[in-house]
Amino acid sequence: MEESRIKDLVKEAIIELLTDPNIPIQEFKPHLPHTAKLLSHFTSAEYLRSTPGFDGIKGCWERGDFYDWIFGNHLTSSQANGLFAEFGVAWGTTINHMSALRPDVTFYGFDGFEGIPEPWYNNPAGSYTQNGTLPVVNKNVELVVGWFDQSLPKFTEVHGDFLREHGVSMLHVDCDIYSSTVTVLEHLGKFLRPGSIVIFDEYWNYQNWEKHEHKAWTEFCLANEVSYKFIAYTVGSVQAAVVIESVGSI
Ligand SMILES: C[S@@+](CC[C@H](N)C(=O)[O-])C[C@H]1O[C@@H](n2cnc3c(N)ncnc32)[C@H](O)[C@@H]1O
């Protein structure tokens, strides 16, 4: 039997069990969060199966391997000389990893360092706050401190010539929530070019994944006729990376 058919059958069986009027709901109550989580894996898998790039997407077992693979295959010095930026720096773990892979370029790390402005998943607003202490970052990292809607207009003005000439090489979207991702794309989306890489840290595979980074990204692409394909993901986790193939009306 085809793998996709097996998945459909499992999904149908779960829904049938959950909606069976003859089985007291109490029996399932303790399992509902797990079942909901399981369904989010199925919806993510179904979505991926229907997208361009599905066959060739690289699965990485660790986040570190995921970044290494993307940088080694799409962001070497001969391939990428535009903007490298992360949205959501917090402790600096990821930006330090990435910036060590390209010591020849400046990585801009955007964060208010006051935590997420709205609740997301199981985390209340304010989660990830650094309580006024900025992370220690590599020499080739510049922190841009502030809420994105305030820091980005100034940044794009100051770096306008560079952005128009070189575009975006890599955006790492690790701000979790829909509104923050929308702000990033509103200000930097127009500098995406064929070959630009966008890495999402919370793209899919968790409950309500359709309402956050994924939603902001797909709405942006639809509105601006941007086409892209998935290039890599983390196995069993929530990260995904895309490469831009063409830009229409940006
Ligand atoms: C999950 S943490 C980032 C983790 C980080 N990449 C690391 O490797 O340690 C999410 C961060 O996004 C930031 N953030 C989310 N929305 C923001 C916004 N609109 N403006 C500024 N910072 C924002 C939060 O302050 C938080 O530090």
# chains A, B, ... in the order shown; residues from 1 in each chain; ligands from 1
>>> residues_around(residues="region 227-242 of chain A", least_positions_apart="4", cutoff="6 Å", atoms="only C-alpha atoms", output="JSON, numbers by chain")
{"A": [52, 53, 57, 58, 59, 60, 61, 197, 198, 199, 200, 201, 202, 203, 204, 205, 246]}
>>> write_last_selection(atoms="N, CA and C atoms", output="short mmCIF file (atom, residue, chain, number, x, y, z; two decimals), in the first residue's frame")
data_model
loop_
_atom_site.label_atom_id
_atom_site.label_comp_id
_atom_site.auth_asym_id
_atom_site.auth_seq_id
_atom_site.Cartn_x
_atom_site.Cartn_y
_atom_site.Cartn_z
N PRO A 52 6.10 22.05 -4.10
CA PRO A 52 7.24 21.84 -4.99
C PRO A 52 8.49 21.59 -4.16
N GLY A 53 9.35 20.72 -4.64
CA GLY A 53 10.60 20.47 -3.92
C GLY A 53 10.50 19.30 -2.97
N ILE A 57 13.88 17.40 -1.03
CA ILE A 57 14.16 18.11 0.22
C ILE A 57 15.11 17.29 1.10
N LYS A 58 16.09 18.00 1.67
CA LYS A 58 17.12 17.34 2.48
C LYS A 58 16.64 17.25 3.94
N GLY A 59 16.62 16.06 4.48
CA GLY A 59 16.25 15.89 5.89
C GLY A 59 17.51 15.90 6.74
N CYS A 60 17.53 16.71 7.79
CA CYS A 60 18.69 16.77 8.67
C CYS A 60 18.26 16.38 10.08
N TRP A 61 19.07 15.59 10.75
CA TRP A 61 18.68 15.07 12.06
C TRP A 61 18.91 16.07 13.17
N ILE A 197 17.80 32.66 0.40
CA ILE A 197 17.38 31.56 1.27
C ILE A 197 16.60 32.13 2.45
N VAL A 198 15.46 31.53 2.74
CA VAL A 198 14.72 31.91 3.95
C VAL A 198 14.61 30.66 4.81
N ILE A 199 15.10 30.78 6.04
CA ILE A 199 15.07 29.65 6.98
C ILE A 199 14.06 29.99 8.07
N PHE A 200 13.15 29.08 8.29
CA PHE A 200 12.14 29.28 9.33
C PHE A 200 12.42 28.33 10.48
N ASP A 201 12.35 28.88 11.68
CA ASP A 201 12.65 28.04 12.83
C ASP A 201 11.42 27.33 13.39
N GLU A 202 10.24 27.86 13.06
CA GLU A 202 9.01 27.22 13.55
C GLU A 202 8.01 27.18 12.40
N TYR A 203 8.34 26.41 11.37
CA TYR A 203 7.50 26.46 10.18
C TYR A 203 6.28 25.55 10.31
N TRP A 204 6.50 24.30 10.77
CA TRP A 204 5.42 23.30 10.75
C TRP A 204 5.66 22.26 11.82
N ASN A 205 4.78 21.26 11.82
CA ASN A 205 4.96 20.09 12.70
C ASN A 205 4.69 20.38 14.16
N SER A 246 11.69 32.56 -8.16
CA SER A 246 11.42 33.77 -8.94
C SER A 246 10.59 34.74 -8.12
#
>>> select_by_dssp(residues="region 19-219 of chain A", states="strand (DSSP E or B)", output="PyMOL selection string")
chain A and resi 58-60+83-87+107-111+120+123+141-145+168-173+197-200
>>> write_last_selection(atoms="C-alpha atoms", output="tab-separated table (two decimals), in the first residue's frame")
chain	number	residue	atom	x	y	z
A	58	LYS	CA	17.12	17.34	2.48
A	59	GLY	CA	16.25	15.89	5.89
A	60	CYS	CA	18.69	16.77	8.67
A	83	LEU	CA	22.21	40.51	3.51
A	84	PHE	CA	22.50	37.84	6.20
A	85	ALA	CA	20.04	38.53	9.01
A	86	GLU	CA	18.33	36.77	11.87
A	87	PHE	CA	15.01	37.80	13.39
A	107	PHE	CA	25.32	39.01	10.27
A	108	TYR	CA	22.64	41.39	11.55
A	109	GLY	CA	20.77	40.05	14.55
A	110	PHE	CA	17.40	41.73	15.19
A	111	ASP	CA	15.67	41.41	18.53
A	120	TRP	CA	2.71	31.69	20.96
A	123	ASN	CA	4.52	30.31	25.71
A	141	VAL	CA	27.55	39.85	14.31
A	142	GLU	CA	25.88	43.23	14.74
A	143	LEU	CA	22.88	43.34	17.03
A	144	VAL	CA	19.99	45.58	16.00
A	145	VAL	CA	18.07	46.09	19.22
A	168	VAL	CA	18.96	39.30	0.66
A	169	SER	CA	21.15	36.20	0.86
A	170	MET	CA	19.70	34.68	4.00
A	171	LEU	CA	16.90	35.48	6.40
A	172	HIS	CA	16.59	33.37	9.51
A	173	VAL	CA	13.06	33.85	10.80
A	197	ILE	CA	17.38	31.56	1.27
A	198	VAL	CA	14.72	31.91	3.95
A	199	ILE	CA	15.07	29.65	6.98
A	200	PHE	CA	12.14	29.28	9.33
>>> residues_near_ligand(ligand="ligand 1", cutoff="7 Å", atoms="only C-alpha atoms and all ligand atoms", output="PDB file with N, CA and C atoms, in the first residue's frame")
ATOM      1  N   PHE A  87      16.082  37.113  12.663  1.00  0.00           N
ATOM      2  CA  PHE A  87      15.010  37.801  13.392  1.00  0.00           C
ATOM      3  C   PHE A  87      14.597  36.942  14.561  1.00  0.00           C
ATOM      4  N   GLY A  88      15.049  37.357  15.738  1.00  0.00           N
ATOM      5  CA  GLY A  88      14.875  36.566  16.960  1.00  0.00           C
ATOM      6  C   GLY A  88      16.225  35.977  17.333  1.00  0.00           C
ATOM      7  N   VAL A  89      16.981  36.724  18.117  1.00  0.00           N
ATOM      8  CA  VAL A  89      18.358  36.317  18.461  1.00  0.00           C
ATOM      9  C   VAL A  89      18.409  35.657  19.843  1.00  0.00           C
ATOM     10  N   ALA A  90      17.656  36.219  20.771  1.00  0.00           N
ATOM     11  CA  ALA A  90      17.577  35.725  22.163  1.00  0.00           C
ATOM     12  C   ALA A  90      18.958  35.453  22.757  1.00  0.00           C
ATOM     13  N   TRP A  91      19.310  34.182  22.934  1.00  0.00           N
ATOM     14  CA  TRP A  91      20.594  33.836  23.567  1.00  0.00           C
ATOM     15  C   TRP A  91      21.760  33.887  22.572  1.00  0.00           C
ATOM     16  N   GLY A  92      21.436  34.014  21.285  1.00  0.00           N
ATOM     17  CA  GLY A  92      22.493  34.103  20.273  1.00  0.00           C
ATOM     18  C   GLY A  92      23.016  32.767  19.788  1.00  0.00           C
ATOM     19  N   THR A  93      22.381  31.698  20.203  1.00  0.00           N
ATOM     20  CA  THR A  93      22.883  30.360  19.845  1.00  0.00           C
ATOM     21  C   THR A  93      22.987  30.181  18.332  1.00  0.00           C
ATOM     22  N   THR A  94      21.891  30.476  17.646  1.00  0.00           N
ATOM     23  CA  THR A  94      21.876  30.211  16.200  1.00  0.00           C
ATOM     24  C   THR A  94      22.743  31.197  15.428  1.00  0.00           C
ATOM     25  N   ILE A  95      22.659  32.461  15.800  1.00  0.00           N
ATOM     26  CA  ILE A  95      23.427  33.442  15.019  1.00  0.00           C
ATOM     27  C   ILE A  95      24.928  33.197  15.214  1.00  0.00           C
ATOM     28  N   PHE A 110      18.484  40.838  14.728  1.00  0.00           N
ATOM     29  CA  PHE A 110      17.404  41.735  15.185  1.00  0.00           C
ATOM     30  C   PHE A 110      16.648  41.108  16.356  1.00  0.00           C
ATOM     31  N   ASP A 111      16.471  41.881  17.394  1.00  0.00           N
ATOM     32  CA  ASP A 111      15.668  41.407  18.530  1.00  0.00           C
ATOM     33  C   ASP A 111      15.434  42.574  19.479  1.00  0.00           C
ATOM     34  N   GLY A 112      14.260  42.568  20.101  1.00  0.00           N
ATOM     35  CA  GLY A 112      13.998  43.555  21.155  1.00  0.00           C
ATOM     36  C   GLY A 112      14.594  43.100  22.469  1.00  0.00           C
ATOM     37  N   PHE A 113      14.862  41.790  22.544  1.00  0.00           N
ATOM     38  CA  PHE A 113      15.396  41.133  23.752  1.00  0.00           C
ATOM     39  C   PHE A 113      14.443  41.267  24.934  1.00  0.00           C
ATOM     40  N   GLU A 114      13.180  41.566  24.618  1.00  0.00           N
ATOM     41  CA  GLU A 114      12.166  41.650  25.687  1.00  0.00           C
ATOM     42  C   GLU A 114      11.166  40.504  25.561  1.00  0.00           C
ATOM     43  N   GLY A 115      11.505  39.541  24.735  1.00  0.00           N
ATOM     44  CA  GLY A 115      10.627  38.380  24.576  1.00  0.00           C
ATOM     45  C   GLY A 115       9.594  38.589  23.484  1.00  0.00           C
ATOM     46  N   ILE A 116       8.790  37.550  23.258  1.00  0.00           N
ATOM     47  CA  ILE A 116       7.778  37.641  22.190  1.00  0.00           C
ATOM     48  C   ILE A 116       6.646  38.580  22.623  1.00  0.00           C
ATOM     49  N   PRO A 117       6.178  39.408  21.683  1.00  0.00           N
ATOM     50  CA  PRO A 117       5.168  40.407  22.057  1.00  0.00           C
ATOM     51  C   PRO A 117       3.773  39.828  22.276  1.00  0.00           C
ATOM     52  N   TYR A 128      11.200  34.266  26.437  1.00  0.00           N
ATOM     53  CA  TYR A 128      12.545  34.425  25.827  1.00  0.00           C
ATOM     54  C   TYR A 128      13.172  35.794  26.139  1.00  0.00           C
ATOM     55  N   THR A 129      12.578  36.530  27.056  1.00  0.00           N
ATOM     56  CA  THR A 129      13.209  37.814  27.383  1.00  0.00           C
ATOM     57  C   THR A 129      14.616  37.580  27.934  1.00  0.00           C
ATOM     58  N   GLY A 146      15.652  46.282  19.271  1.00  0.00           N
ATOM     59  CA  GLY A 146      14.377  47.009  19.208  1.00  0.00           C
ATOM     60  C   GLY A 146      13.299  46.151  18.581  1.00  0.00           C
ATOM     61  N   TRP A 147      12.058  46.602  18.711  1.00  0.00           N
ATOM     62  CA  TRP A 147      10.962  45.899  18.029  1.00  0.00           C
ATOM     63  C   TRP A 147      11.157  46.036  16.523  1.00  0.00           C
ATOM     64  N   PHE A 148      10.848  44.980  15.811  1.00  0.00           N
ATOM     65  CA  PHE A 148      11.120  44.972  14.362  1.00  0.00           C
ATOM     66  C   PHE A 148      10.449  46.145  13.634  1.00  0.00           C
ATOM     67  N   ASP A 149       9.225  46.489  14.041  1.00  0.00           N
ATOM     68  CA  ASP A 149       8.533  47.552  13.294  1.00  0.00           C
ATOM     69  C   ASP A 149       9.200  48.915  13.501  1.00  0.00           C
ATOM     70  N   ASP A 174      13.207  33.521  13.185  1.00  0.00           N
ATOM     71  CA  ASP A 174      13.065  32.759  14.441  1.00  0.00           C
ATOM     72  C   ASP A 174      12.322  33.608  15.466  1.00  0.00           C
ATOM     73  N   CYS A 175      11.268  34.292  14.986  1.00  0.00           N
ATOM     74  CA  CYS A 175      10.500  35.156  15.896  1.00  0.00           C
ATOM     75  C   CYS A 175       9.149  34.524  16.219  1.00  0.00           C
ATOM     76  N   ASP A 176       8.920  33.326  15.732  1.00  0.00           N
ATOM     77  CA  ASP A 176       7.799  32.464  16.127  1.00  0.00           C
ATOM     78  C   ASP A 176       6.422  32.901  15.648  1.00  0.00           C
ATOM     79  N   ILE A 177       6.061  34.151  15.905  1.00  0.00           N
ATOM     80  CA  ILE A 177       4.650  34.519  15.740  1.00  0.00           C
ATOM     81  C   ILE A 177       4.361  35.153  14.374  1.00  0.00           C
ATOM     82  N   SER A 180       5.056  39.176  13.863  1.00  0.00           N
ATOM     83  CA  SER A 180       6.472  39.544  13.739  1.00  0.00           C
ATOM     84  C   SER A 180       7.015  39.113  12.375  1.00  0.00           C
TER      85      SER A 180
END
>>> residues_around(residues="His41 (chain A)", least_positions_apart="3", cutoff="9 Å", atoms="only C-alpha atoms", output="ChimeraX atom specification")
/A:36-38,44-46,204-207,236
>>> write_last_selection(atoms="C-alpha atoms", output="PDB file, in the first residue's frame")
ATOM      1  CA  ALA A  36      -4.012  16.901  18.448  1.00  0.00           C
ATOM      2  CA  LYS A  37      -0.238  16.955  18.276  1.00  0.00           C
ATOM      3  CA  LEU A  38      -0.238  13.845  16.137  1.00  0.00           C
ATOM      4  CA  SER A  44       2.319  19.172   8.027  1.00  0.00           C
ATOM      5  CA  ALA A  45       3.215  16.000   6.133  1.00  0.00           C
ATOM      6  CA  GLU A  46       0.215  16.379   3.860  1.00  0.00           C
ATOM      7  CA  TRP A 204       5.419  23.302  10.751  1.00  0.00           C
ATOM      8  CA  ASN A 205       4.965  20.093  12.695  1.00  0.00           C
ATOM      9  CA  TYR A 206       3.454  21.637  15.837  1.00  0.00           C
ATOM     10  CA  GLN A 207      -0.068  22.554  16.849  1.00  0.00           C
ATOM     11  CA  GLY A 236      10.990  15.224  13.648  1.00  0.00           C
TER      12      GLY A 236
END
>>> closest_residue(among="A:Gln150, A:Ser50, A:Ser77, A:Ser99", to="Thr183 (chain A)", atoms="only C-alpha atoms")
A:Gln150
>>> closest_residue(among="A:Glu186, A:Glu165, A:Glu210, A:Glu219", to="Asn81 (chain A)", atoms="only C-alpha atoms")
A:Glu165
>>> residues_around(residues="Lys11 (chain A)", least_positions_apart="5", cutoff="10 Å", atoms="only C-alpha atoms", output="list in words")
Arg5, Ile6, Glu16, Thr35, Leu38, Leu39, Phe42 and Thr43 of chain A
>>> write_last_selection(atoms="C-alpha atoms", output="short mmCIF file (atom, residue, chain, number, x, y, z; two decimals), in the first residue's frame")
data_model
loop_
_atom_site.label_atom_id
_atom_site.label_comp_id
_atom_site.auth_asym_id
_atom_site.auth_seq_id
_atom_site.Cartn_x
_atom_site.Cartn_y
_atom_site.Cartn_z
CA ARG A 5 -2.70 5.94 1.75
CA ILE A 6 -1.47 4.42 5.03
CA GLU A 16 -13.30 8.00 13.87
CA THR A 35 -3.84 13.23 19.38
CA LEU A 38 -0.24 13.85 16.14
CA LEU A 39 -2.71 15.46 13.77
CA PHE A 42 -0.14 14.66 9.60
CA THR A 43 -1.31 18.03 8.36
#
>>> select_by_dssp(residues="region 20-195 of chain A", states="helix (DSSP H, G or I)", output="PyMOL selection string")
chain A and resi 25-27+29-49+63-74+93-101+148-158+160-166+178-191
>>> residues_around(residues="Leu101 (chain A)", least_positions_apart="2", cutoff="10 Å", atoms="only C-alpha atoms", output="PyMOL selection string")
chain A and resi 67-68+71-72+75-76+95-99+103-105
>>> atom_distance(atom1="CA of Lys190 (chain A)", atom2="CA of Val137 (chain A)")
28.0 Å
>>> closest_residue(among="A:Tyr178, A:Phe162, A:Phe155, A:Phe66", to="Pro119 (chain A)", atoms="only C-alpha atoms")
A:Tyr178
>>> atom_distance(atom1="CA of Pro194 (chain A)", atom2="CA of Val247 (chain A)")
6.9 Å
>>> closest_residue(among="A:Arg164, A:His74, A:Arg193, A:Arg102", to="Ile244 (chain A)", atoms="only C-alpha atoms")
A:Arg193
>>> atom_distance(atom1="CA of Phe191 (chain A)", atom2="CA of His159 (chain A)")
11.4 Å
